[in-house]
Structures are given as structure tokens and as C-alpha cells.
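Here the structure comes first, spelled out in C-alpha cells, and everything after it is commentary.
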Amino acid sequence: MNELLNIESSDLMNHSNDIKISARGVQVHYGSNHAIKDVDVDIQDRMVTAFIGPSGCGKSTFLRCINRMNDTIDICRVDGLITLDGADIYAPSVDPVQLRAKVGMVFQKPNPFPKSIYDNVAYGPRIHGLAKSKADLDVIVEKSLRRAALWTESKDRLAEPGTGLSGGQQQRLCIARAVATEPEVLLMDEPCSALDPIATSQIEDLIDELRANYSVIIVTHSMQQAARVSQRTAFFHLGNLVEYGETGHIFTNPEDPRTESYITGRIG
Amino acid sequence: MSDLTLAPGDGHSLSGDTVALKRRRRAEWRLKAYGIAAILLAGAALLVLLSSVVFKAVGALSESYITMPVELAADRIDPDATADPKIIYRADFNKIARDAFRARFASVRDRKVRRQLNDLISVGASFELAQKVADDPSLIGQSVDFRFLASDVTDLYLKGAYGRLVPVETGGTLGLQTDGKDIEIISDANDFDDVLDILKAQLIDQARSLRAQAGLQDNGVVEFSRRAADAASDSDRAENESLAAERAQARDRLLTEATDLEARARATGGAEALDRGSISALIRVAGSWIKLTEVGRNRARGTVLLPGDSPVQPTDDWALLLSDLPEKARKISDYQMAWIEDLQAAGAVDTVFNWRFFTAGDSRDPELAGIWGATVGSFWTMLVTFLLAFPIGVLSAIYLEEFAPKNRLTDFIEVNINNLAAVPSIIFGLLGLSVFLGFFGVPRSAPLAGGLVLALMTLPTIIIAARVAMAAVPPSIREAALGVGASEVQTAFHHVLPLAVPGILTGTIIGMARALGETAPLITIGMVAFIVDIPTGITDSATVLPVQVYRWSDFPERAFEARTAAAIVTLLVFLVLMNALAIFLRRRFERRW
């Protein structure tokens, strides 16, 4: 294990400009259930990485390990090493709250706070003290909404409740809320599964734009979506990372028979 | 799926005339009918309860006054003309008030009857007179018209609680003749027939009850005769025979009496006496009141209750009035009825809205009693309860729901909180008695003690309601907050708590409303004491609304019945207001997600 870690950390040094998140030997247990088995993966910076796999394969669980959302579940235990920019995020000195500001998350179901659009976006910057004045905050809100491609639709109704928006707008508001804290990584847990095709395509376009500034990880059930938006794809099956590589390569020329079965619709 | 395996037309008809279908529909109709019947029954019960309470309470909403000129002689109040309230208050205003009434009804000589005259006004009236004079000493030496608060009995009579005086139609000319102390009354028509009929009906009733008693005696005769026949010894037989003879004698005496009464009832004419057990018949003629003591068909004897101004000449202008109840069945005497009617005819009686009831403290005299003391006591008690139970309850709920680890200790605490909510309230009262009063020395009967006990009682309700409200906040909101880097405390206070506020407030107000209506635990810590003063703080002796209801319901004076009902209505109004506030707050703060 030690040896392995040494090799991998030297590997990390070599690619430090490219690799944003690195996982080595990650195991997750929910009580007696072994949900993630020995996952090693390197996530590139400024790229969209898709996690695909059948339901219950552990892709969401692994995603939630990256911003330590699993900490809130009492029976969940995470072992192994996950680094963000080479720093162990499970080190005792790391505050999970600060980590989550750096690793933003967008959830399956749009979940805006029952507050105004403005307050939804401004909440993160406020609690992290990112804005010194109201003007600063206004700038952050506008920038975030622009990044989430929601500014034109919402600029005249910032005081209206976020819950009054349509489903696709709500999800973009959640993305705006996530980017408002200036994260480096965006985790998206099936962000389009509750949306109609038009809203889905808007979000997909947005994800493509977000790639310019963030390292994006998206969990999806739709292989077409993975193929459309991601540059790299990881296939999970029964808690194992089966295959990880270039999206085109995975979809056209999978190496593992299980990947092929899943992509062609034989398991799932 | 199974439909697929069935051949078409094998019993699954859509027309709805199969037996099974009819049975199902009947069963469903029956269930709905039971439900509607249950609701109607519950609604009717509630309606009956509320209407009876409200109907009774109406009597407490007015009070009566008797206006009477009163001589404020300087030598009796303030001989040295000091105008010092202390000296004025020391004067015997009771006697001054009594003298005012004696002057009005100068004919009253008998001491017993005079006492009845004093009972027309409240004992509080003379104190009010003293207050008026102390406030304005310039009144001393004058004769002023003062509105004396009527006593509870007077007030109840005016409200018809003891029945009304019902006029009987009369056609004759009335002639009066003084015969010693009594008065001989003659009418030239049979105007007293009605009274006589009533008295004769009473005789029949009496005869019936005598015959029933005779029947019992007859049973004794039969029994003792049988024992005599079965007796083993001569002495035994003799004893039983004598007992049987005794019974037979008693039976015969009763039967004779009954026969006599029936004969009197059947006889036309004759005269019957009126006593305290029969209804009262009063004659009002030319300002004087006469009470009949004996009536025949067209003549009667009577005594003067209230003499008129002048001797009465034969006249057509007279009235015969009958009371609903016999004198011994009501608290108001015939004399008092005559005086009140006389005062009312003179325009000296007025009835106004009873503000006193809402501004006064408790009193032994119903006409002086009010609920303000109990209301203020309830306020202080609820204040203590709220200030303790709300923060402790909500903070406990936040910790248990949001931060506490799920382990055996927290499970144990949770189970016990739920158990506490089911503990009978009297147990909390006994706990308060031994711990707060006995150990910590909190003052007895004080809102502080009551509030502490009720806070203990309300805590579990608030904790459970707050936990339920917080658990109902969707986890997606928590995840969203945690996802943008809010800490658990920030998540709880910025997001979960605001969304749970309507539920928490509702639970708190429901718990407080329960505490407001609580009696048993407060009785054990002494809040059942008789307290006249309005409490000014949480350590003053006080009582609360439900305890006031309990106390008044136990008082013998009949006027407290209306006051009890009015206090219940007041309590209900507060409870309804609190529940309305709960609904309002829930609507106001409710947010959708």
C-alpha cells in the first residue's frame, strides 16, 4: 500500500497541472454494506468527467466522498486517500465546511432555498465572507447568475422566490448558487434527471461552458448525456471502478466486457 | 394482470348489477353514513354544550342598581369637617345606606323584615358610597341620589331567576276592609277562583302523597300480620300483632286525612289558606301591596306588605299577581318582591352592562366578583411558562433533531420525552409541590410556582412539536445548505429553523393553550386560594381562570352559576384566540418548496 502510494504520489507530482482530484484505495462502508471497493481515480482539471453505471453501483456515493457530504451520514465510513490539489481532504486539519465551499455540489432535484433568487445565490458568499459590501455581493450574484446562464431571465426578478422558477431555471439557479462560492470543482449528481429535454439541453450547454473554469464531475444515468458532455468517463459497477478513460474510447471501444454490456444495454 | 387470464364475460360486468357489487356499494354507503352520523352527533354535543354555557353566561353580563336618596349627615361621617379620607372611611356607611332604605320603606317595623330590606343591596354598595364621599367630601351634609349596587338576590329576581309575578285576569271591583292586623278583601266577581283552583290542586297532590304513605303503612300491616301468623312463641306473636295494629292505625289516620283533603278540594266555595309552601298571591292596588293569606272564591284575607299613600277606596284598578314559585322555594321573600316591584315602578332600578365582572377580583359576594384577578394571574403564569418552556423546548428539539448522535442515550431521552407528554398533569403538580415549593421555597400560590409546573408540563409538547416540524423540513434543503459550505449549525439556524417556525409556533401555542386550561396541578401548589387582590407580579398570590371556574362552580350562591359560565366563556375565548393565533402564524410563515 505504502509503495503504491509513493508511486502514485510521484505520479501526482508529474501531472500536478492536470490532475485536480486523486483517489487511491477508497473504500466506503454503509454500516455492514461495502458500497465502494478500492477505487483509484484521477480527475483532470478543467474537464468534464462523467460517472456512469447502473443504479446502486456507488457512483453517487463516490461523488459525495469528494466533498465529504458522506460525513453527515452517521453510519458511513470512508477509508483510503482522496486529495484535492495534492492535499488530503480527509486530513484531520481539513474543515469539511471549507472543503464544500471549494467543491461545490448540484443535486439531482433542484433544491433552491425558499428565499429570493438573490438570497439563494448570495447565501454562500455571505456565510464565507466573500463580499465586503452590498456592491461586492451584487457583483458576485450577477457573475454567478451569468455563469449559470440565468442572468437574462432573472435580472428583473431577483427579489422573487427561487422556488417560483421553472424546473430548469431552478437547477441553473442551484448551479449559480454553487459557483457563487468560487469553487474549483463542481460535483453534479444527476443534475438533469428531474428536467425536461429542453431544460436538459440548456444545462448540458452550461456544463460545457463551465468546463472552462472548473473541474466538473457529473453523475448520470444517461449514456447519451455522458457522451455529449464529458471528456472522460468512469464506469462503476457493484462498487468497483470498472473502467476509466477517454469518453470516446469508453463508448466506442470498451476494454472490459461489463462496460460493453452496460453500454449496449445488456446490464443496468 | 390476472384479468388477462380470465375469459371475457365471466362475471366482470360493467353495468353494476351483480350481487357482489351491490354489497360493496352498500358497505361503502354504510361506512359513509356512520361517519356522517358520528360528525353530526359530535357537532350536536358541542353545540348543546356551548349554547348552554353561553346562555347561562348571559346572566353575568349585566348588573342592577337601585337609586336611592341618601342623607350624608356631617355628624355621622366627618363631624370635625376634616375632609380626611381616613376619617370618612371610618364612618358607618353601612348604617347610612340601611337608613336610606328604611326611610323609603318607613312602614317596616319588624326586625326580621328590616333585615330583608338590608338584603336588597350589596354589601359592597356602602363601600362604594364611602368611596364616593371620600373622593368628594363636599357631598357631606347633603342629600344625594346614590346608585346602590343591587344584591345578587335582587339582581337574580330582576333577571327572572326566581320566576316572575304573573298577573291574573280580574273583573271585579275590589273592596278593602281593615280587620285588626289583617285586611279583608272582597271582589264582586269570582276573581280568586284561579288561586283557589291552584290551592285545591295542591290539596289533591297532598292527598296523593298521603295515600302513598298509607300504602307503605299497609305493607307493614301485611308483613307484621304474616310474622304474627308464623311466630314460634306467644310473646313473639303478640309483639308482631301490636306492631301490625300500630301500622294499621297510622294507615287509617293517613287515609282519613287524605279523604278530608280530597273532600276540601272537591267542595265548591269555601276558603283555603296560603302558606310558605304554596305559591304567593299578591294584590297591587293604589301603590300598596297586599299578600293574601286565605282565599275564597270572591273574598280573601291578607296582610299588608307595603302600605300605599292613601286609604284605598273600592276600585276597578287593581291587579292580582301570582308567583311562579312558593316562597320557601326561592331566596327572595314576598316583602322583597313587593319592594323591588315598587322601586321598579318608581323608576329607581336600572340594569347596565357588568363591567365590574371584567375589572374586579374575586369576592364571596357574587355581585362583586370579577375575573380580572384570575385573568391577570393566568397572564403571569403563562408568561413564566412561555419564558421557560419555549427556549428550553426549542433548543432541546434543535439539539436532539439536528446535532445529537443517534445512540442509546439519545434514544432513551427521546422515549422519555414522549412518556412525559403522557404523564397526568396532577403528577407535575405534586412534583412542583415537593420540589419547587418544598425544596426551593418558591412562594405558594404564586404565578412563578404555577408557571414552573406548567412549563414542565408543556415542555414535552413543545419538544415533540418542534422536532416533528424540523423533521418535516425536506432533506434537500439541508443538503443544499451543506453543499454550499454552510456548517451544521448554520444549516440548522439559517434554513431548518425558519422553515420549522410555523410548526414550532403551532405546537407551542397548542401546548400553552393546554396549560392555560390546566387546573389540577395548580390546585396542588395552592393557586386555589381565595385571592381578592389583582396580582402585580409573578410572586404575588394569584389564581388562574380555570381554577376560578372550579372555585365558583363550588360556591352555594346561585348568582355564581352565571359567573361560572361567564368565566368559562372567557376562558374559551382566550383558548379560541390562541388557536386562531396559531393558525394565523402557520399561514403567515408557511413556505412552500
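We label chains A, B, ... in the order they appear in the C-alpha cells, count residues from 1 in each chain, and number ligands from 1 in the order shown.
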
All strand (DSSP E) residues (DSSP, backbone) inside segment 96-263 of chain A, as JSON, numbers by chain: {"A": [103, 104, 105, 106, 185, 186, 187, 188, 189, 215, 216, 217, 218, 219, 232, 233, 234, 235, 236, 237, 240, 241, 242, 243, 244, 245, 246]}

Filtering to N, CA, C and O atoms, could you give me those residues as an mmCIF file, in the first residue's frame?
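Heads up, here's the output in again-v3.cif:
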data_model
loop_
_atom_site.group_PDB
_atom_site.id
_atom_site.type_symbol
_atom_site.label_atom_id
_atom_site.label_comp_id
_atom_site.auth_asym_id
_atom_site.auth_seq_id
_atom_site.Cartn_x
_atom_site.Cartn_y
_atom_site.Cartn_z
ATOM 1 N N VAL A 103 -15.488 22.760 -3.174
ATOM 2 C CA VAL A 103 -16.015 21.725 -4.050
ATOM 3 C C VAL A 103 -17.540 21.856 -4.030
ATOM 4 O O VAL A 103 -18.217 21.343 -3.158
ATOM 5 N N GLY A 104 -18.059 22.599 -4.988
ATOM 6 C CA GLY A 104 -19.494 22.854 -4.998
ATOM 7 C C GLY A 104 -20.271 21.638 -5.464
ATOM 8 O O GLY A 104 -19.724 20.740 -6.090
ATOM 9 N N MET A 105 -21.564 21.627 -5.109
ATOM 10 C CA MET A 105 -22.359 20.462 -5.483
ATOM 11 C C MET A 105 -23.732 20.881 -5.982
ATOM 12 O O MET A 105 -24.339 21.806 -5.473
ATOM 13 N N VAL A 106 -24.188 20.188 -7.017
ATOM 14 C CA VAL A 106 -25.531 20.397 -7.558
ATOM 15 C C VAL A 106 -26.252 19.054 -7.457
ATOM 16 O O VAL A 106 -25.677 18.022 -7.797
ATOM 17 N N VAL A 185 -14.043 22.867 -7.988
ATOM 18 C CA VAL A 185 -14.620 21.648 -8.546
ATOM 19 C C VAL A 185 -16.129 21.748 -8.412
ATOM 20 O O VAL A 185 -16.638 22.253 -7.430
ATOM 21 N N LEU A 186 -16.857 21.273 -9.438
ATOM 22 C CA LEU A 186 -18.320 21.218 -9.362
ATOM 23 C C LEU A 186 -18.748 19.770 -9.457
ATOM 24 O O LEU A 186 -18.424 19.082 -10.422
ATOM 25 N N LEU A 187 -19.459 19.294 -8.410
ATOM 26 C CA LEU A 187 -19.980 17.939 -8.439
ATOM 27 C C LEU A 187 -21.454 18.021 -8.808
ATOM 28 O O LEU A 187 -22.187 18.821 -8.247
ATOM 29 N N MET A 188 -21.851 17.220 -9.785
ATOM 30 C CA MET A 188 -23.251 17.251 -10.203
ATOM 31 C C MET A 188 -23.805 15.847 -10.131
ATOM 32 O O MET A 188 -23.351 14.945 -10.834
ATOM 33 N N ASP A 189 -24.834 15.701 -9.266
ATOM 34 C CA ASP A 189 -25.407 14.376 -9.038
ATOM 35 C C ASP A 189 -26.693 14.253 -9.856
ATOM 36 O O ASP A 189 -27.741 14.710 -9.433
ATOM 37 N N SER A 215 -13.309 22.114 -12.743
ATOM 38 C CA SER A 215 -13.274 20.690 -12.974
ATOM 39 C C SER A 215 -14.670 20.177 -12.617
ATOM 40 O O SER A 215 -15.128 20.349 -11.496
ATOM 41 N N VAL A 216 -15.368 19.610 -13.597
ATOM 42 C CA VAL A 216 -16.751 19.209 -13.373
ATOM 43 C C VAL A 216 -16.845 17.687 -13.342
ATOM 44 O O VAL A 216 -16.289 17.008 -14.198
ATOM 45 N N ILE A 217 -17.520 17.167 -12.314
ATOM 46 C CA ILE A 217 -17.800 15.732 -12.274
ATOM 47 C C ILE A 217 -19.303 15.574 -12.297
ATOM 48 O O ILE A 217 -20.005 16.169 -11.487
ATOM 49 N N ILE A 218 -19.783 14.785 -13.241
ATOM 50 C CA ILE A 218 -21.224 14.619 -13.355
ATOM 51 C C ILE A 218 -21.586 13.143 -13.269
ATOM 52 O O ILE A 218 -20.962 12.306 -13.910
ATOM 53 N N VAL A 219 -22.522 12.860 -12.390
ATOM 54 C CA VAL A 219 -23.071 11.513 -12.320
ATOM 55 C C VAL A 219 -24.301 11.500 -13.195
ATOM 56 O O VAL A 219 -25.135 12.399 -13.124
ATOM 57 N N ARG A 232 -14.064 12.672 -20.154
ATOM 58 C CA ARG A 232 -13.601 11.394 -19.601
ATOM 59 C C ARG A 232 -14.782 10.730 -18.900
ATOM 60 O O ARG A 232 -15.649 11.400 -18.375
ATOM 61 N N THR A 233 -14.800 9.418 -18.926
ATOM 62 C CA THR A 233 -15.904 8.690 -18.335
ATOM 63 C C THR A 233 -15.366 7.580 -17.443
ATOM 64 O O THR A 233 -14.378 6.929 -17.777
ATOM 65 N N ALA A 234 -16.042 7.451 -16.276
ATOM 66 C CA ALA A 234 -15.704 6.343 -15.378
ATOM 67 C C ALA A 234 -16.943 5.466 -15.266
ATOM 68 O O ALA A 234 -18.043 5.957 -15.036
ATOM 69 N N PHE A 235 -16.744 4.150 -15.444
ATOM 70 C CA PHE A 235 -17.876 3.228 -15.332
ATOM 71 C C PHE A 235 -17.778 2.464 -14.011
ATOM 72 O O PHE A 235 -16.766 1.808 -13.737
ATOM 73 N N PHE A 236 -18.809 2.624 -13.190
ATOM 74 C CA PHE A 236 -18.854 1.923 -11.900
ATOM 75 C C PHE A 236 -19.804 0.757 -12.008
ATOM 76 O O PHE A 236 -20.843 0.834 -12.650
ATOM 77 N N HIS A 237 -19.427 -0.339 -11.316
ATOM 78 C CA HIS A 237 -20.331 -1.493 -11.270
ATOM 79 C C HIS A 237 -20.150 -2.208 -9.943
ATOM 80 O O HIS A 237 -19.031 -2.589 -9.599
ATOM 81 N N ASN A 240 -17.311 -1.176 -7.766
ATOM 82 C CA ASN A 240 -15.966 -1.166 -8.348
ATOM 83 C C ASN A 240 -15.889 -0.157 -9.471
ATOM 84 O O ASN A 240 -16.869 0.037 -10.211
ATOM 85 N N LEU A 241 -14.738 0.470 -9.600
ATOM 86 C CA LEU A 241 -14.491 1.294 -10.782
ATOM 87 C C LEU A 241 -13.999 0.330 -11.853
ATOM 88 O O LEU A 241 -12.869 -0.174 -11.779
ATOM 89 N N VAL A 242 -14.844 0.063 -12.830
ATOM 90 C CA VAL A 242 -14.519 -0.976 -13.808
ATOM 91 C C VAL A 242 -13.580 -0.439 -14.871
ATOM 92 O O VAL A 242 -12.577 -1.046 -15.213
ATOM 93 N N GLU A 243 -13.950 0.761 -15.349
ATOM 94 C CA GLU A 243 -13.146 1.290 -16.456
ATOM 95 C C GLU A 243 -13.164 2.807 -16.410
ATOM 96 O O GLU A 243 -14.180 3.416 -16.070
ATOM 97 N N TYR A 244 -12.035 3.413 -16.741
ATOM 98 C CA TYR A 244 -11.954 4.869 -16.697
ATOM 99 C C TYR A 244 -11.077 5.322 -17.839
ATOM 100 O O TYR A 244 -9.984 4.788 -18.049
ATOM 101 N N GLY A 245 -11.547 6.261 -18.627
ATOM 102 C CA GLY A 245 -10.717 6.727 -19.736
ATOM 103 C C GLY A 245 -11.424 7.782 -20.549
ATOM 104 O O GLY A 245 -12.433 8.348 -20.120
ATOM 105 N N GLU A 246 -10.866 8.038 -21.722
ATOM 106 C CA GLU A 246 -11.454 8.992 -22.640
ATOM 107 C C GLU A 246 -12.900 8.572 -22.954
ATOM 108 O O GLU A 246 -13.155 7.391 -23.197
#

In segment 157-255 of chain A, what's alpha helix (DSSP H) per DSSP? Answer as a PyMOL selection string? chain A and resi 167-179+197-210+223-229+247-252

Quick one: residues within 9 Å of segment 19-23 of chain A, only C-alpha atoms counted, chain neighbours fewer than 4 positions away excluded, as JSON, numbers by chain? {"A": [12, 15, 39, 40, 41, 42, 43, 44, 45, 46, 66, 80, 81, 82, 83, 84, 85, 86, 184, 185, 215]}

Residues of chain A within 10 Å of chain B, counting only C-alpha atoms - could you list those as a ChimeraX atom specification? /A:64,67-69,72,74-75,95-115,120-121,123-125,127-128,161-164,174,177-181,183,187

Find the spatial neighbours of segment 384-398 of chain B, counting only C-alpha atoms, within a cut-off of 10 Å - ignore same-chain residues fewer than 2 positions away - and output them as a VMD selection string. chain B and resid 378 to 382 400 to 404 414 447 to 470 489 492 to 493 496 to 497 501 504 to 505 508 to 509 511 to 512 515 to 516 538

Neighbour list for Val139 of chain A as a compact mmCIF listing (two decimals) with N, CA, C and O atoms, in the first residue's frame, cut-off 12 Å, only C-alpha atoms, skip fewer than 5 positions in-chain:
# COMPACT_ATOMS: atom_id res chain seq x y z
N TYR A 118 -32.00 36.24 -5.39
CA TYR A 118 -30.79 36.92 -4.96
C TYR A 118 -30.20 36.25 -3.73
O TYR A 118 -29.01 35.92 -3.68
N VAL A 121 -28.43 32.90 -4.26
CA VAL A 121 -27.07 32.97 -4.77
C VAL A 121 -26.15 33.59 -3.73
O VAL A 121 -25.00 33.18 -3.56
N ALA A 122 -26.67 34.58 -3.01
CA ALA A 122 -25.81 35.35 -2.09
C ALA A 122 -25.52 34.59 -0.80
O ALA A 122 -24.61 34.97 -0.07
N PRO A 125 -21.69 33.16 -0.54
CA PRO A 125 -20.72 34.26 -0.33
C PRO A 125 -20.90 34.94 1.03
O PRO A 125 -19.91 35.32 1.67
N LEU A 130 -17.27 36.39 1.50
CA LEU A 130 -16.58 36.69 0.25
C LEU A 130 -16.84 38.11 -0.23
O LEU A 130 -16.12 38.63 -1.05
N ALA A 131 -17.92 38.71 0.29
CA ALA A 131 -18.25 40.06 -0.15
C ALA A 131 -18.06 41.02 1.00
O ALA A 131 -18.52 40.75 2.11
N LYS A 132 -17.39 42.13 0.74
CA LYS A 132 -17.17 43.11 1.79
C LYS A 132 -18.32 44.09 1.88
O LYS A 132 -18.55 44.69 2.91
N SER A 133 -19.00 44.26 0.78
CA SER A 133 -20.09 45.24 0.78
C SER A 133 -21.24 44.71 -0.03
O SER A 133 -21.13 43.68 -0.71
N LYS A 134 -22.33 45.42 0.03
CA LYS A 134 -23.51 45.06 -0.76
C LYS A 134 -23.17 45.08 -2.25
O LYS A 134 -23.60 44.21 -3.01
N SER A 144 -22.36 35.11 -10.93
CA SER A 144 -22.76 33.71 -10.77
C SER A 144 -23.95 33.40 -11.66
O SER A 144 -24.00 32.34 -12.30
N LEU A 145 -24.91 34.31 -11.67
CA LEU A 145 -26.10 34.06 -12.50
C LEU A 145 -25.73 34.05 -13.98
O LEU A 145 -26.28 33.28 -14.77
N ARG A 146 -24.78 34.92 -14.35
CA ARG A 146 -24.32 34.91 -15.75
C ARG A 146 -23.66 33.58 -16.08
O ARG A 146 -23.89 32.99 -17.13
N TRP A 151 -28.88 34.89 -15.95
CA TRP A 151 -28.95 36.33 -15.66
C TRP A 151 -30.04 37.03 -16.46
O TRP A 151 -30.85 37.77 -15.90
N ALA A 180 -21.20 30.50 -6.88
CA ALA A 180 -21.04 31.79 -6.20
C ALA A 180 -19.96 31.75 -5.13
O ALA A 180 -19.40 32.78 -4.78

Which distance in Å separates atom CA of Asp317 of chain B and atom CA of Leu282 of chain B, to one decimal?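 Taking atom CA of Asp317 of chain B as the start and atom CA of Leu282 of chain B as the end point, the length is 14.3 Å.
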